[in-house]
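Below is query_10.tsv, which holds TSV, C-alpha atoms.
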```tsv
chain	number	residue	atom	x	y	z
R	90	MET	CA	-147.81	31.05	3.73
R	91	SER	CA	-149.77	31.78	0.58
R	92	LEU	CA	-151.25	35.23	-0.03
R	93	LEU	CA	-154.05	33.74	-2.15
R	94	PRO	CA	-157.51	33.10	-0.66
R	95	SER	CA	-158.16	29.42	0.02
R	96	SER	CA	-160.90	29.28	-2.63
R	97	VAL	CA	-158.53	30.60	-5.28
R	98	ARG	CA	-155.80	28.16	-4.23
R	99	ALA	CA	-158.28	25.29	-4.45
R	100	MET	CA	-159.36	26.35	-7.94
R	101	THR	CA	-155.72	26.66	-8.99
R	102	ASP	CA	-154.88	23.21	-7.63
R	103	ARG	CA	-157.88	21.66	-9.38
R	104	HIS	CA	-156.90	23.37	-12.62
R	105	ARG	CA	-153.36	22.01	-12.36
R	106	ARG	CA	-154.60	18.50	-11.62
R	107	ARG	CA	-156.91	18.64	-14.63
R	108	LYS	CA	-154.04	19.83	-16.84
R	109	ALA	CA	-151.76	17.07	-15.59
R	110	LYS	CA	-154.48	14.45	-16.07
R	111	GLN	CA	-155.20	15.72	-19.58
R	112	ALA	CA	-151.49	15.65	-20.41
R	113	ARG	CA	-151.28	12.02	-19.29
R	114	ARG	CA	-154.31	11.15	-21.42
R	115	ASP	CA	-152.78	12.89	-24.45
R	116	ALA	CA	-149.53	11.00	-23.95
R	117	GLN	CA	-151.38	7.69	-23.66
R	118	ARG	CA	-153.35	8.40	-26.84
R	119	ALA	CA	-150.16	9.36	-28.68
R	120	ARG	CA	-148.49	6.13	-27.59
R	121	LYS	CA	-151.52	4.16	-28.74
R	122	ARG	CA	-151.44	5.86	-32.16
R	123	ARG	CA	-147.73	5.09	-32.53
R	124	ALA	CA	-148.33	1.49	-31.47
R	125	ASP	CA	-151.11	1.15	-34.05
R	126	THR	CA	-148.74	2.35	-36.76
R	127	GLY	CA	-145.84	0.24	-35.57
R	128	SER	CA	-143.74	3.26	-34.54
R	129	GLU	CA	-143.97	2.90	-30.77
R	130	PRO	CA	-140.59	3.65	-29.15
R	131	PRO	CA	-139.20	1.46	-26.40
R	132	PRO	CA	-140.93	2.12	-23.05
R	133	GLY	CA	-139.27	4.92	-21.09
R	134	ASP	CA	-137.03	5.94	-23.99
R	135	PRO	CA	-135.81	9.46	-23.05
R	136	GLN	CA	-134.89	10.22	-26.64
R	137	GLN	CA	-138.59	10.43	-27.47
R	138	ASP	CA	-139.19	13.35	-25.12
R	139	PRO	CA	-139.32	16.84	-26.70
R	140	ILE	CA	-136.48	18.07	-24.47
R	141	SER	CA	-134.11	15.71	-26.25
R	142	ALA	CA	-134.77	17.48	-29.55
R	143	LEU	CA	-133.86	20.93	-28.22
R	144	SER	CA	-130.42	22.51	-28.33
R	145	PRO	CA	-128.85	21.89	-24.90
R	146	TRP	CA	-127.40	25.39	-24.67
R	147	SER	CA	-130.68	27.00	-25.75
R	148	PHE	CA	-132.55	25.02	-23.12
R	149	LEU	CA	-129.99	26.05	-20.49
R	150	VAL	CA	-130.56	29.71	-21.38
R	151	PHE	CA	-134.32	29.19	-21.09
R	152	ALA	CA	-133.98	27.41	-17.75
R	153	SER	CA	-131.68	30.15	-16.45
R	154	LYS	CA	-134.30	32.77	-17.26
R	155	GLN	CA	-136.96	30.78	-15.43
R	156	VAL	CA	-134.78	30.26	-12.36
R	157	GLU	CA	-133.93	33.96	-12.20
R	158	ALA	CA	-137.59	34.92	-12.60
R	159	ALA	CA	-138.54	32.62	-9.72
R	160	LYS	CA	-136.29	34.51	-7.29
R	161	PRO	CA	-137.62	37.34	-5.12
R	162	ASP	CA	-136.85	40.58	-6.94
R	163	PRO	CA	-136.80	43.79	-4.86
R	164	LEU	CA	-136.54	45.78	-8.10
R	165	ALA	CA	-139.47	44.07	-9.82
R	166	ASN	CA	-141.45	47.30	-10.07
R	167	PHE	CA	-138.64	48.87	-12.09
R	168	ARG	CA	-138.30	46.05	-14.63
R	169	SER	CA	-139.45	46.82	-18.14
R	170	HIS	CA	-141.28	43.50	-18.40
R	171	GLN	CA	-142.60	40.86	-16.05
R	172	GLU	CA	-143.24	37.28	-17.06
R	173	ASP	CA	-144.83	34.53	-15.03
R	174	PRO	CA	-142.08	32.00	-14.33
R	175	ILE	CA	-142.52	28.26	-14.47
R	176	ASP	CA	-143.89	26.89	-11.21
R	177	ILE	CA	-140.90	24.83	-10.09
R	178	ASP	CA	-142.85	23.43	-7.12
R	179	TYR	CA	-145.38	22.06	-9.57
R	180	LEU	CA	-142.64	20.53	-11.72
R	181	ILE	CA	-141.30	18.67	-8.71
R	182	LYS	CA	-144.78	17.50	-7.71
R	183	SER	CA	-145.46	16.29	-11.25
R	184	LEU	CA	-142.29	14.21	-11.21
R	185	VAL	CA	-143.25	12.64	-7.90
R	186	ASP	CA	-146.86	11.98	-8.93
R	187	ASP	CA	-146.27	10.86	-12.50
R	188	PRO	CA	-142.58	10.12	-13.12
R	189	ASP	CA	-141.38	10.02	-16.71
R	190	PRO	CA	-138.08	10.79	-18.48
R	191	GLY	CA	-139.24	14.18	-19.75
R	192	SER	CA	-140.29	15.67	-16.42
R	193	ALA	CA	-137.32	14.06	-14.68
R	194	SER	CA	-134.92	15.60	-17.20
R	195	VAL	CA	-136.44	19.06	-16.74
R	196	VAL	CA	-136.19	18.78	-12.95
R	197	ALA	CA	-132.58	17.58	-13.27
R	198	LEU	CA	-131.78	20.57	-15.45
R	199	PHE	CA	-133.31	23.01	-12.99
R	200	ALA	CA	-131.47	21.29	-10.14
R	201	GLU	CA	-128.18	22.31	-11.78
R	202	LEU	CA	-129.10	26.00	-11.87
R	203	LEU	CA	-131.03	26.36	-8.61
R	204	ASP	CA	-129.63	26.73	-5.14
R	205	GLY	CA	-130.95	26.44	-1.61
R	206	GLU	CA	-134.13	24.61	-0.66
R	207	LEU	CA	-135.54	24.26	-4.18
R	208	GLN	CA	-132.36	22.60	-5.37
R	209	LEU	CA	-132.50	20.13	-2.47
R	210	ARG	CA	-136.11	19.30	-3.24
R	211	CYS	CA	-135.30	18.74	-6.91
R	212	ARG	CA	-132.51	16.36	-6.00
R	213	GLU	CA	-134.68	14.50	-3.50
R	214	ALA	CA	-137.31	13.97	-6.20
R	215	LEU	CA	-134.63	12.78	-8.62
R	216	ASN	CA	-133.22	10.36	-6.05
R	217	ALA	CA	-136.64	8.74	-5.83
R	218	TYR	CA	-136.85	8.46	-9.62
R	219	ASN	CA	-135.38	5.27	-11.07
R	220	GLY	CA	-135.92	5.85	-14.77
R	221	PRO	CA	-133.65	7.22	-17.51
R	222	LEU	CA	-132.88	10.85	-18.30
R	223	VAL	CA	-132.17	12.62	-21.57
R	224	PRO	CA	-128.45	11.89	-22.14
R	225	TRP	CA	-127.22	15.48	-22.39
R	226	VAL	CA	-128.96	16.38	-19.14
R	227	THR	CA	-127.28	13.46	-17.39
R	228	ALA	CA	-123.91	14.71	-18.63
R	229	LEU	CA	-124.31	18.35	-17.53
R	230	ARG	CA	-121.99	17.93	-14.56
R	231	ASP	CA	-119.25	16.89	-16.97
R	232	VAL	CA	-119.26	20.26	-18.74
R	233	ASP	CA	-115.70	21.36	-19.51
R	234	VAL	CA	-115.08	25.06	-18.93
R	235	TYR	CA	-111.69	25.13	-20.55
R	236	ARG	CA	-110.58	28.67	-21.42
R	237	ALA	CA	-110.98	32.29	-20.35
R	238	VAL	CA	-110.04	35.37	-22.36
R	239	ARG	CA	-110.28	39.00	-21.28
R	240	LEU	CA	-111.10	41.76	-23.74
R	241	THR	CA	-109.77	44.95	-22.16
R	242	HIS	CA	-110.68	48.43	-23.36
R	243	VAL	CA	-107.84	50.90	-23.70
R	244	LEU	CA	-109.60	53.41	-21.42
R	245	GLY	CA	-110.02	50.80	-18.70
R	246	ASP	CA	-113.77	51.29	-18.23
R	247	PHE	CA	-114.61	47.64	-18.69
R	248	ASP	CA	-113.41	44.13	-19.37
R	249	GLN	CA	-115.34	41.48	-21.25
R	250	ILE	CA	-114.50	38.06	-19.87
R	251	LEU	CA	-115.17	35.25	-22.33
R	252	ILE	CA	-115.52	31.73	-20.96
R	253	GLY	CA	-115.33	28.81	-23.37
R	254	ALA	CA	-117.37	25.75	-22.38
R	255	ARG	CA	-117.91	22.35	-23.97
R	256	LEU	CA	-120.63	19.81	-23.16
R	257	ALA	CA	-119.85	16.11	-23.02
R	258	ASP	CA	-121.18	15.61	-26.56
R	259	GLY	CA	-118.81	18.28	-27.90
R	260	GLN	CA	-121.30	21.14	-28.30
R	261	GLU	CA	-119.55	24.41	-27.46
R	262	ALA	CA	-120.68	27.80	-26.26
R	263	THR	CA	-119.09	30.99	-24.97
R	264	CYS	CA	-120.34	33.02	-22.04
R	265	ALA	CA	-119.44	36.71	-22.29
R	266	VAL	CA	-119.50	38.70	-19.05
R	267	TRP	CA	-119.17	42.50	-19.07
R	268	VAL	CA	-117.39	43.85	-15.96
R	269	ASP	CA	-117.91	47.58	-15.35
R	270	HIS	CA	-114.88	49.09	-13.59
R	271	LEU	CA	-116.52	52.50	-13.39
R	272	VAL	CA	-118.90	51.04	-10.80
R	273	GLU	CA	-116.91	48.81	-8.44
R	274	SER	CA	-116.27	46.15	-11.12
R	275	GLU	CA	-119.95	45.18	-11.11
R	276	ILE	CA	-121.41	42.84	-13.73
R	277	ALA	CA	-123.18	45.10	-16.21
R	278	ASN	CA	-124.24	42.49	-18.74
R	279	ALA	CA	-123.74	38.88	-19.77
R	280	ALA	CA	-124.86	36.66	-22.61
R	281	LEU	CA	-124.32	33.18	-24.03
R	282	PHE	CA	-123.20	32.66	-27.62
R	283	VAL	CA	-123.53	29.15	-29.04
R	284	VAL	CA	-120.17	29.36	-30.80
R	285	THR	CA	-116.60	28.45	-29.92
R	286	ILE	CA	-114.60	30.95	-27.93
R	287	ASP	CA	-112.43	31.68	-30.98
R	288	ASP	CA	-115.53	32.52	-33.00
R	289	ALA	CA	-116.81	34.69	-30.15
R	290	LEU	CA	-113.52	36.58	-30.10
R	291	ASP	CA	-113.83	37.26	-33.81
R	292	LYS	CA	-117.37	38.52	-33.26
R	293	LEU	CA	-116.68	40.74	-30.24
R	294	PHE	CA	-113.18	42.03	-30.93
R	295	GLY	CA	-112.95	45.62	-32.08
R	296	PRO	CA	-110.84	48.78	-32.07
R	297	ASP	CA	-109.38	49.89	-28.75
R	298	LEU	CA	-109.65	46.34	-27.36
R	299	THR	CA	-106.85	43.99	-26.35
R	300	ALA	CA	-107.39	40.23	-25.98
R	301	ILE	CA	-105.54	38.62	-23.08
R	302	ASP	CA	-105.77	35.00	-21.96
R	303	MET	CA	-106.40	34.82	-18.23
R	304	SER	CA	-106.28	31.94	-15.80
R	305	LEU	CA	-109.54	30.15	-15.09
R	306	ALA	CA	-109.12	30.89	-11.38
R	307	ASP	CA	-108.75	34.63	-12.04
R	308	ALA	CA	-111.83	34.58	-14.27
R	309	ARG	CA	-113.81	33.01	-11.44
R	310	ALA	CA	-112.53	35.55	-8.91
R	311	TRP	CA	-113.37	38.54	-11.12
R	312	ILE	CA	-116.85	37.33	-12.02
R	313	GLU	CA	-117.84	36.18	-8.54
R	314	TYR	CA	-116.74	39.54	-7.14
R	315	GLY	CA	-118.80	41.34	-9.78
R	316	LEU	CA	-121.86	39.21	-9.05
R	317	LYS	CA	-121.81	40.43	-5.45
R	318	ARG	CA	-121.87	44.09	-6.52
R	319	THR	CA	-125.37	45.54	-6.90
R	320	PHE	CA	-124.82	49.29	-6.85
R	321	VAL	CA	-126.59	50.05	-10.13
R	322	PHE	CA	-129.93	48.84	-11.50
R	323	ARG	CA	-129.08	46.70	-14.52
R	324	GLU	CA	-131.38	45.25	-17.15
R	325	THR	CA	-130.56	44.21	-20.70
R	326	ALA	CA	-132.01	41.73	-23.17
R	327	THR	CA	-130.04	38.94	-21.46
R	328	TRP	CA	-129.24	40.26	-17.98
R	329	PRO	CA	-130.02	39.36	-15.24
R	330	ASP	CA	-131.86	36.46	-16.94
R	331	CYS	CA	-128.65	34.53	-17.52
R	332	ARG	CA	-127.25	35.08	-14.01
R	333	PRO	CA	-127.96	31.46	-12.88
R	334	LEU	CA	-126.24	30.14	-16.01
R	335	VAL	CA	-123.21	32.38	-15.38
R	336	GLN	CA	-123.05	31.20	-11.77
R	337	TRP	CA	-123.30	27.57	-12.88
R	338	LEU	CA	-120.45	27.90	-15.37
R	339	VAL	CA	-118.26	29.90	-12.99
R	340	GLY	CA	-118.83	27.25	-10.32
R	341	ARG	CA	-116.99	24.79	-12.60
R	342	LEU	CA	-113.84	26.94	-12.52
R	343	PRO	CA	-111.01	26.52	-10.00
R	344	ASP	CA	-110.88	28.97	-7.13
R	345	GLY	CA	-107.91	30.78	-5.63
R	346	GLY	CA	-107.62	33.45	-8.34
R	347	ASP	CA	-106.64	37.10	-7.95
R	348	LEU	CA	-109.16	39.94	-8.06
R	349	HIS	CA	-109.03	42.85	-10.49
R	350	GLN	CA	-106.64	45.57	-9.37
R	351	SER	CA	-107.28	49.22	-10.16
R	352	PRO	CA	-104.29	51.32	-11.24
R	353	ILE	CA	-102.29	52.37	-8.20
R	354	TRP	CA	-100.61	55.75	-8.37
R	355	GLY	CA	-98.33	56.66	-5.51
R	356	ARG	CA	-98.29	60.14	-4.05
R	357	ASP	CA	-94.99	61.01	-5.71
R	358	ALA	CA	-96.15	59.89	-9.17
R	359	SER	CA	-99.44	61.78	-8.86
R	360	SER	CA	-97.68	64.88	-7.60
R	361	ALA	CA	-95.23	64.82	-10.50
R	362	LEU	CA	-98.08	64.42	-13.01
R	363	PHE	CA	-100.02	67.32	-11.53
R	364	ASP	CA	-96.90	69.49	-11.39
R	365	GLU	CA	-96.40	68.89	-15.10
R	366	PHE	CA	-100.03	69.70	-15.90
R	367	PHE	CA	-100.23	72.90	-13.88
R	368	ALA	CA	-96.92	74.03	-15.39
R	369	SER	CA	-98.34	73.58	-18.91
R	370	GLU	CA	-100.02	76.37	-20.84
R	371	ALA	CA	-103.46	74.70	-20.53
R	372	GLY	CA	-103.14	74.05	-16.81
R	373	ALA	CA	-101.41	77.22	-15.64
R	374	VAL	CA	-104.69	79.12	-15.36
R	375	PHE	CA	-105.87	76.63	-12.71
R	376	ASP	CA	-102.65	76.54	-10.70
R	377	SER	CA	-103.98	76.95	-7.18
R	378	ARG	CA	-104.06	74.70	-4.16
R	379	ASP	CA	-107.85	74.38	-4.38
R	380	HIS	CA	-107.72	73.30	-8.02
R	381	ARG	CA	-104.99	70.79	-7.24
R	382	TYR	CA	-107.11	69.21	-4.50
R	383	LEU	CA	-110.08	69.13	-6.86
R	384	LEU	CA	-108.10	67.48	-9.65
R	385	GLN	CA	-106.80	64.90	-7.18
R	386	GLU	CA	-110.38	63.96	-6.29
R	387	LEU	CA	-111.47	63.88	-9.93
R	388	THR	CA	-108.67	61.50	-10.90
R	389	GLU	CA	-109.63	59.13	-8.07
R	390	SER	CA	-113.10	58.66	-9.57
R	391	GLY	CA	-114.25	55.67	-11.61
R	392	THR	CA	-111.27	53.58	-12.66
R	393	ALA	CA	-108.89	55.79	-10.62
R	394	ASP	CA	-106.58	56.04	-13.63
R	395	PRO	CA	-105.48	59.68	-14.01
R	396	LEU	CA	-104.39	59.16	-17.63
R	397	ARG	CA	-107.51	57.60	-19.21
R	398	TRP	CA	-110.87	59.32	-19.50
R	399	SER	CA	-113.87	57.90	-21.33
R	400	ALA	CA	-117.07	59.75	-22.14
R	401	ALA	CA	-118.87	57.58	-19.58
R	402	ARG	CA	-116.36	58.41	-16.86
R	403	VAL	CA	-116.67	62.12	-17.59
R	404	GLU	CA	-120.45	61.86	-17.42
R	405	ASN	CA	-120.26	60.07	-14.07
R	406	VAL	CA	-117.92	62.73	-12.69
R	407	LEU	CA	-120.24	65.54	-13.74
R	408	GLU	CA	-123.14	63.78	-12.01
R	409	SER	CA	-121.19	62.94	-8.85
R	410	PRO	CA	-121.77	64.76	-5.53
R	411	LEU	CA	-118.48	66.66	-5.45
R	412	SER	CA	-120.25	69.29	-3.39
R	413	GLU	CA	-119.99	66.93	-0.42
R	414	GLY	CA	-116.28	67.74	-0.25
R	415	ASP	CA	-114.63	70.86	1.09
R	416	HIS	CA	-114.17	72.52	-2.29
R	417	PRO	CA	-115.14	76.19	-2.61
R	418	LEU	CA	-118.10	76.79	-4.90
R	419	LYS	CA	-116.10	78.94	-7.32
R	420	VAL	CA	-113.65	76.04	-7.74
R	421	LEU	CA	-116.42	73.48	-8.27
R	422	LEU	CA	-117.79	75.64	-11.07
R	423	ASP	CA	-114.46	75.17	-12.84
R	424	VAL	CA	-114.82	71.36	-13.07
R	425	PRO	CA	-115.84	71.30	-16.79
R	426	ASP	CA	-113.08	73.72	-17.82
R	427	LEU	CA	-110.50	71.94	-15.67
R	428	LEU	CA	-111.34	68.59	-17.28
R	429	ARG	CA	-111.41	70.17	-20.74
R	430	ALA	CA	-107.82	71.26	-20.18
R	431	TYR	CA	-106.62	68.15	-18.36
R	432	ILE	CA	-108.03	65.30	-20.49
R	433	PRO	CA	-106.08	66.12	-23.69
R	434	PHE	CA	-102.95	66.50	-21.56
R	435	ALA	CA	-103.53	63.09	-19.93
R	436	HIS	CA	-104.38	61.31	-23.17
R	437	GLU	CA	-101.32	62.65	-24.93
R	438	ARG	CA	-99.15	61.06	-22.25
R	439	SER	CA	-100.97	57.73	-22.31
R	440	GLY	CA	-101.16	57.49	-26.10
R	441	ILE	CA	-104.96	57.53	-26.34
R	442	ARG	CA	-106.16	58.23	-29.86
R	443	GLU	CA	-107.76	61.56	-30.67
R	444	GLY	CA	-111.17	60.08	-31.43
R	445	LEU	CA	-111.61	58.89	-27.84
R	446	THR	CA	-110.40	62.23	-26.52
R	447	ALA	CA	-112.95	64.00	-28.72
R	448	ARG	CA	-115.77	61.85	-27.30
R	449	ALA	CA	-114.82	62.74	-23.74
R	450	LEU	CA	-114.67	66.45	-24.57
R	451	ALA	CA	-117.99	66.25	-26.42
R	452	THR	CA	-119.58	64.99	-23.20
R	453	LEU	CA	-118.35	68.13	-21.45
R	454	ASP	CA	-119.75	70.29	-24.25
R	455	ARG	CA	-123.18	68.63	-24.08
R	456	ALA	CA	-123.28	69.05	-20.31
R	457	GLU	CA	-122.49	72.74	-20.72
R	458	VAL	CA	-125.31	73.16	-23.25
R	459	ASP	CA	-127.73	71.35	-20.94
R	460	ARG	CA	-126.69	73.52	-18.00
R	461	ARG	CA	-127.28	76.73	-19.91
R	462	SER	CA	-130.65	75.61	-21.23
R	463	ALA	CA	-131.89	74.40	-17.84
```

Could I get this structure in the form of structure tokens?
Amino acid sequence: MSLLPSSVRAMTDRHRRRKAKQARRDAQRARKRRADTGSEPPPGDPQQDPISALSPWSFLVFASKQVEAAKPDPLANFRSHQEDPIDIDYLIKSLVDDPDPGSASVVALFAELLDGELQLRCREALNAYNGPLVPWVTALRDVDVYRAVRLTHVLGDFDQILIGARLADGQEATCAVWVDHLVESEIANAALFVVTIDDALDKLFGPDLTAIDMSLADARAWIEYGLKRTFVFRETATWPDCRPLVQWLVGRLPDGGDLHQSPIWGRDASSALFDEFFASEAGAVFDSRDHRYLLQELTESGTADPLRWSAARVENVLESPLSEGDHPLKVLLDVPDLLRAYIPFAHERSGIREGLTARALATLDRAEVDRRSA
């Protein structure tokens, strides 16, 4: 049921019909001009449509953005920008009313990225269309998603999963998906680079990162799990606009992969680590049962790795509702000092470089300054 008044809907429909009619007239005039100059292409030649001149991957990115914008968005009021998406219903109607290779190719492209009722309607309209399509659109289902590489950060906060894909005509692209392990392995960002996966690795690789080839099935499992997580509001220059494109590429991967596993520390290993810390000069001042319980809870935060602490993880801990636990207030007030003593101890044992340790400690210092100035 439309929320627009009937008079407005009627005006909108008339406007669309006029635009479609004008577009047909313009096309007819253009064909006549080409015929007069002897440059008329063969009737129904899909290569003459503007879509055929565009980069396939660029058009896929554009279509993904339109498909995502057409979805109901409960967080729309929080988005930094709002754009009117393409009216997919109108695209389908245009194909039915005035079939041509250009509109059919656009509908076929959207049919790849859509799901549910709109996808079915696109495919029904295409089934009734008997003409040609732009070749690269026809070959979309033959895309070869052939390699997955994981860039893992030494602190374990995130993984960047790179997926190498190749269209039937050989054009390659790499989809990079950022998985945030501080927040339930949610997808924090994703983007498409129109380069080979080797070139993308050269572009994205940096200090503190390790590149590991992963199975295609595992890549699918990790990304699909992350796509289901929506704990944090996310918006970047490319996310969530490219979500439909990510889903389309991941859907070409085999299933049956293993999910990401957080570090698992047994009770004995944790107890031995804490014994060592509280026996050290830095930890001895906190050697009480209450502080031990508090440290246990702190190390179970974020990535749950007791030996690796990023600035982001420290910030999350300081903002977390630890007061919901049974910790005495005087012990909770020791959280910054406890972490300031524990993080260098932990990083020394895990071989984390001093620069990363300094960043984590600087976060504690800034929080202390903010607390005093509040």

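With CA of Leu290 (chain R) on one side and CA of Val238 (chain R) on the other, the separation reads 8.6 Å.
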
Residue nearest Asp302 (chain R) among R:Gly253, R:Gly191, R:Pro333, R:Gly205 (counting all atoms listed in the file):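 Of R:Gly253, R:Gly191, R:Pro333, R:Gly205, the one nearest Asp302 (chain R) is R:Gly253, counting all atoms listed in the file.
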
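In this structure, CA of Asp231 (chain R) sits 23.2 Å away from CA of Asp189 (chain R).
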
So how far away is CA of Asp186 (chain R) from CA of Val223 (chain R), in Å? 19.4 Å

Where is the centre and how long are the edges: axis-aligned box on region 175-189 of chain R, 8 Å on each side, Å to one decimal, as JSON:
```
{"center_x": -143.9, "center_y": 19.1, "center_z": -11.9, "size_x": 22.0, "size_y": 34.2, "size_z": 25.6}
```

With all atoms listed in the file as the counted atoms, please give the residues lying no more than 7 Å from Ala393 (chain R), apart from itself and same-chain residues fewer than 3 positions off, as number ranges by chain. R: 351-352, 388-390

Enumerate, in order of chain and increasing residue number, the residues of region 368-403 of chain R with an atom no farther than 12 Å from region 440-445 of chain R, each with its shortest atom pair and distance in Å to one decimal, counting all atoms listed in the file, as a tab-separated table.
```
residue	atom	partner	partner_atom	distance
R:Leu396	CA	R:Ile441	CA	8.9
R:Arg397	CA	R:Ile441	CA	7.6
R:Trp398	CA	R:Leu445	CA	8.4
R:Ser399	CA	R:Leu445	CA	7.0
R:Ala400	CA	R:Leu445	CA	7.9
R:Ala401	CA	R:Leu445	CA	11.1
R:Arg402	CA	R:Leu445	CA	12.0
R:Val403	CA	R:Leu445	CA	11.9
```

Name the residues within 9 Å of (-109.3, 66.2, -21.7), counting all atoms listed in the file in the file's coordinates, and put them as a list of chain:residue names.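 Collected hits near the coordinates: R:Trp398, R:Leu427, R:Leu428, R:Arg429, R:Ala430, R:Tyr431, R:Ile432, R:Pro433, R:Phe434, R:Ala435, R:His436, R:Thr446, R:Ala447, R:Ala449, R:Leu450.
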
Pick from R:Asp248, R:Asp287, R:Asp330, R:Glu313: nearest to Lys160 (chain R), with all atoms listed in the file counted? R:Asp330

Written-out region 432-460 of chain R (C-alpha atoms) as a compact mmCIF listing (two decimals), in the first residue's frame:
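Output contents, as saved in part06.txt:
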```txt
# COMPACT_ATOMS: atom_id res chain seq x y z
CA ILE R 432 49.61 -5.01 29.25
CA PRO R 433 53.43 -4.63 29.10
CA PHE R 434 53.71 -7.93 30.98
CA ALA R 435 51.40 -9.67 28.49
CA HIS R 436 53.04 -8.16 25.41
CA GLU R 437 56.50 -9.12 26.55
CA ARG R 438 55.39 -12.75 26.69
CA SER R 439 53.66 -12.67 23.31
CA GLY R 440 56.44 -10.78 21.52
CA ILE R 441 54.37 -7.71 20.65
CA ARG R 442 56.52 -4.79 19.59
CA GLU R 443 56.89 -1.80 21.88
CA GLY R 444 55.14 0.60 19.52
CA LEU R 445 51.84 -1.28 19.81
CA THR R 446 52.23 -1.50 23.58
CA ALA R 447 52.78 2.25 23.71
CA ARG R 448 49.56 2.87 21.77
CA ALA R 449 47.55 0.77 24.20
CA LEU R 450 49.05 2.57 27.20
CA ALA R 451 48.46 5.96 25.56
CA THR R 452 44.76 5.11 25.39
CA LEU R 453 44.78 4.59 29.16
CA ASP R 454 46.56 7.91 29.65
CA ARG R 455 44.05 9.80 27.50
CA ALA R 456 41.16 8.22 29.37
CA GLU R 457 42.70 9.31 32.66
CA VAL R 458 43.07 12.90 31.41
CA ASP R 459 39.46 12.91 30.20
CA ARG R 460 38.25 11.55 33.55
```
